[in-house]
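Please read the structure below before turning to the comments.
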Amino acid sequence: MEGDEDVKALEDKPLQIVKMCSVGLASRIHRTILRNILPRLHKSITKEAKSDTQHKKAAASKYAEDEEILSVPIALAMVKLVQNLPKGALENNIQSILLKVCQFLKSRSKDIRHIARDTLIKISVSLGPKYFHCIMKEMKSSLLKGYQLHVLCYTIHAVLKNLSPVLTVGDLDWSISPLIQTFNEELFGNVADEKEVAGIVGKLMEAKTSKSYDSYEIMAKFVSHHCLTQLVKTMKQILESTKSHKVAAKCQEVLKRISFGLLENQGLTEEALLVFIHGLASETLPALQPKQSEQMDEAAPDPRLQPKSTYLLKPEPPRGGVRPKASGKSNLHILINFGLQTLYMLLKRSRLVSTNITHLQMVDPFVGILTQCITSKYVKISTTSFRCLCWVLKLPLPSLKDHTKTLTNKMFIVLKNYAAAGAAKADNFDLVVACFKAITVMVRDVKDHTIDAGQLQVLLSYCEEDIHDYSRQATAFTLLKAILTRKLNSPEIVEIINKVSKLSITADSSHVRLQSRQVVMQYLLDYPVRKKIKRHLDFFVSQLGYEFETGRESALEMMASMFSNFPQGMIDEYAGFFFVPMSARLINDESVKCRKLTALAIKSLLQKVDGNKRDELFSILLAWLHDSKVSHKRLGAQIAGLFVEVESGKFEHHLADILPIIHQQIEPCLHNDLANEEESVEREHDILLFNMLTLLCKVMRECQITRNDQYIELMNPIWESIEQHIVHPHLWVRLVSSQLFGLLFSSWEPNKLLIQNSSRKTIVKQSYLEINVHEKLKKLSADFCEQIHSPLLSQELGDQAIKNLVYLSKVIKLTDQESQELARDTQTQCNGDLEHVPKIDKFKTINLRWLIKRMCREAALEASQNQNVTIKRSCVTKWLAAVAVDLGPNLLPQYLSCMLPPLLRTANDISPSADESLKLLAQEALDLTKSIVGIEIFTEIYAIVHKNVSDKKERKKRSKAMEAVSNPEIAARKKMKKNLGKKEAKKRKVTEYRPSKKLKKKKYQDFVIV
C-alpha cells in the first residue's frame, strides 16, 4: 500500500521525479570519476605547454596560447565536481588542483595570470574561508622569487577582498603569520625596492600598486582579540629597529589602516579595544620619557671659584661634523599615536557612551595618560591627545577632578609655545586648533573648574587676535561663546564685543558675520548691560546706512534677532527708536534685498510690541500719510501695508482713518495732470498710486469690507477711481487694479449678483457692482480687453485679466439669458404684434458673442503682427477654454463658430517659428470643447468654420489678382513695399550674423514710392 501511494505521488508530480540509482551503481560511478574522469581532467591542466620550454627572450609572441587560457578554468569545474563527491574526495584532490592553478600564476603572460587569478578567486569563494589557509600555503610554495612575489601579494589581496562578504571574525587567525610575512616583504623588503624600478613597474601590472595596506585593513577587520597583539607586534619590531624615515612612514600608514579595520571589526568589543589601547600606551609611553640623567640640568657654577677662562678655544671638530646620537626608540611615538587615534575614533563614533558605567570605568584610566601626552615632544601625539580630550572632558569621570588643574596649566603651556605669531604652521597649526577646542570644552562643560582671571585674560587676547585670522576664526568664536556661556567677566570682554560688533558689519564672509552676530546677541542677553545697551543698539541702527549691501543686511538681521529674543518690556521701550530709522530705509535703500529684509524686520517688531505701543507707532504712520511730500506718503502706505499683514482682521478699527486717505490719493485727477511735469515727479506719483492700491489690496484680503454695508459709501468712490486706473500707463498700476477687481469679483457669485441687483433697486445703499450692472459689464469688459490688447502686457497681468474676464463672461451669459426671457415674455404679452415690442439698443448693451469676437481678434492681431510673442494667444486660449466649460453642452454650440478659428489657426500652425507649448495648449482646448459638445456637433461646426476660412482665403486671393488688373498702380506700390521689406529683413540678418560687414547706406529718396 505504501508503494502504491509513492507511485501515485510521483504520477501527480511528473516534473519532480528523482531517479535514485542502486548502491552498486553509485559506487561504480564514484570509482569511474575518481579513476578515469579526474585523472584525465588533471592531465589536461598539467600537460606541458609550449611556453614552458621557451626562454623568456625567445618567446615567439607575448600573447598566451589559446590552449593554455582554455585549460585554466577546468580547475574550477574539478573543484565543483569533487565538492559533490563523498567525504574524502575533496581533501585528496584539492591540493593538486590548487598547485596547478598557482603554477599558472607564474606565467609571464598577463592574460594567463588574469584568468588564473579569477579562477582562484572563484575556487576560494566556492570552498569558503575554511580552505584559505590551504590556498595561501600553495601560493607561497609556488610563487617564490622575482616578479612572482609581486603577483603573490596582488593575488592574496584579490582573494581576501572577494572573501570579505563571507569572512567572520577569527577565520584568518591561522593565516596571520604568513600573511604578515608576505605583506611586510612587499612593504619593507626587496619587493618594495623593486617597485621603485621603472622597468619592472612598466612591464608588470601587479607591481604598479601596493595592495598590502588594503590587505592589512582587511586582516584587522576580521582578526580575533587573541591575535590582536600579533598584528601590531611586527610593526613595533620594525619601528624599534629602523632609522629610516621612509620605513617609519610606511609603518605609520599600516597602523592607520589597521586602526580603520579594528573599528569595523564586529568581533571586538569596546572593552577589548580599550584594554588593547591602554596596554599599548602604558607599555610604550615610559620608553619615550627622558631618563633621569637627561632631565638633570647642568649644576650652576660655584660663585666662590674662579671662573674658567673664556679665551680657551674648543677642540677642532672632526671631519664631517659630530654625529648625533641615534636612539632606537625614536619611532615608538608612532605606536602611541596609533593607539590614541583608535581611542579618538571610538569616542567620535559614539561607541563609548556616558550612560554605560563599564565604559566610564575603562575610559577613566586614560585621563592620566592623556594628561601626560599633551606635552609630548611629538606634535602629532599632542594633537591626537587634545582631540581625545575634547570628548573625554564631556564624560563624568572621577579622575578629571584630580587632573583638571594640571590639564589646564599644560594647555596654556602649549598655547604659549605654539600659538605665537608665525609659530602655528603645518602640524603646529593642527595642534593649536585642537588645543583651542579642548580649552573650549574645558571652559564650557567642566562645571567643577573655573579658569582664573589671568588665564581668562590670556584666552581673550588670543580670541581678539584670532577673530581676524580666517584660518582660526571658527575656534576663536567657539571659545568666545564658551566664555560667554559660563558668564565669565573681565574688562577685556567689552572691548572684544565692540570689535566683534564691527566685524559683524565689515566682514566679507557671511559665516563670520553670522558668528559675530551670535556672539554679540549672547553677550547682550546673558550679561548685565541694561544701562549700556543703548550704545550697542545705536551702533546697529547707525549701520543701516553702511555703504556696502552685505553690512546693511547684517545689521537688519541683527535687529530682527533682537526683536525675536529681547524681552517684551525692552522691545516696547525701544520700539520707536528702531521703527523710524528702519522705516526710512524702506524707501531710501537702493537694494531690493535690503528693502525686503527691512520690511521683515519691521513686521517682526510690530508682532512683538503690545497693542498700545502699536497704536502709537500707527499715529506716526498717519502723520506721514498726511504729509505733503510724496516720499512720506509712499513710506506711510508701505508701513500701513505691514500693519495690515501683522494685525490681520484687527486692522479694521483703523479703516475709518485709512480709507479716506486712500480715496484721496488714488483720485485720477491727481495723476492725470502730471503730463507736463518732469519724469522723476511723474514716476514718484505712479509709485505712490501703486503703493496705495497695494495697501487697499492687503486691506481687502484681511478685512471683510467688500460687501459690508458699513463701508459702501467709502468704497464706491474708491472703486470708481480704480476702474479708471485699469488702463493706467504704468504696468504695476494696471496689475494691482486688476487684482483688486479680482478680489471684488471673488466676493460675488454671478447669479447672486443679478438676484441681489433686482431685489435692491428700491434700497438707497447699493454697492459698486449693483449700480448700472449692464453699463459696468460693458465698461469693465472693454477695459480688461484693452489690457490684453496693450503692448505692456505681462504674464502675470494677462493671467489676472483672464480671470476677471472669465467672471464677466459668466455674468454676461446670465444677462443674455435674462434678456432673451424678457423679450419672450414681452412678445407673448403683445400677442405677436411685433410693432409694439420694445427694441433693445445693441450699442448700449453687451453680449457674450461680442466679447468672444473681441478676444479672438486680439489673438489674430498677435498672430499676424508679432508671431514670436505668444502671451496674448495663450491668454485667449485659456479664456476660451474656461468659457466653454461655463457654457456647457447646451449653450456652447451657439458660440462655437466664433471660438474655433483662433484655436484652429494656432493648433494647425506649421511654420518653423510656431511655439510648441502654445500649439499643445490650443489642441487641449479643442479636445475640451469636443468633449463638451460631442463629436457630431463639433465635427459639423468644424467643417463650417474650415469652409469659411478657405472661402475667405480664396476671396482674398481673387481680389488681389483682380486688383493687379483694375488698379495696377496700387498693386505695384504694394509689390514694391513688399520687396523693400524683404531687403530690409535681409540686411538685418546680415548685420546680426556678420556684424563686421558694413552695408552701403541708402539715401532717403531711394525709399520714396512715387
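So you can find residues: chains in the C-alpha cells are A, B, ... in the order shown, residues in each start at 1, and ligands are numbered from 1 in order.
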
Please list as an NGL selection string every residue within 12 Å of A:Met521, counting only C-alpha atoms and excluding residues in the same chain fewer than 4 positions away. :A and (481 or 484-485 or 497 or 500-501 or 504 or 514-517 or 525-527 or 529 or 533 or 536-537 or 540 or 557-566)

Applying 10 Å and only C-alpha atoms, which residues near stretch 226-229 of chain A remain after dropping the ones on its own chain fewer than 4 positions away? List them as a PyMOL selection string. chain A and resi 170+172-174+176-177+220+233-234+262+268+272-273+276+280

List as an NGL selection string the protein and nucleic acid residues near A:Pro398, meaning an atom at most 8 Å away when only C-alpha atoms are counted, but skip any in the same chain fewer than 3 places from it. :A and (364 or 401-402)

Selection to disk with C-alpha atoms, as a CSV table (one decimal), in the first residue's frame:
```csv
chain,number,residue,atom,x,y,z
A,364,ASP,CA,38.9,56.8,33.4
A,401,LYS,CA,38.7,66.3,39.3
A,402,ASP,CA,42.4,65.4,40.1
```
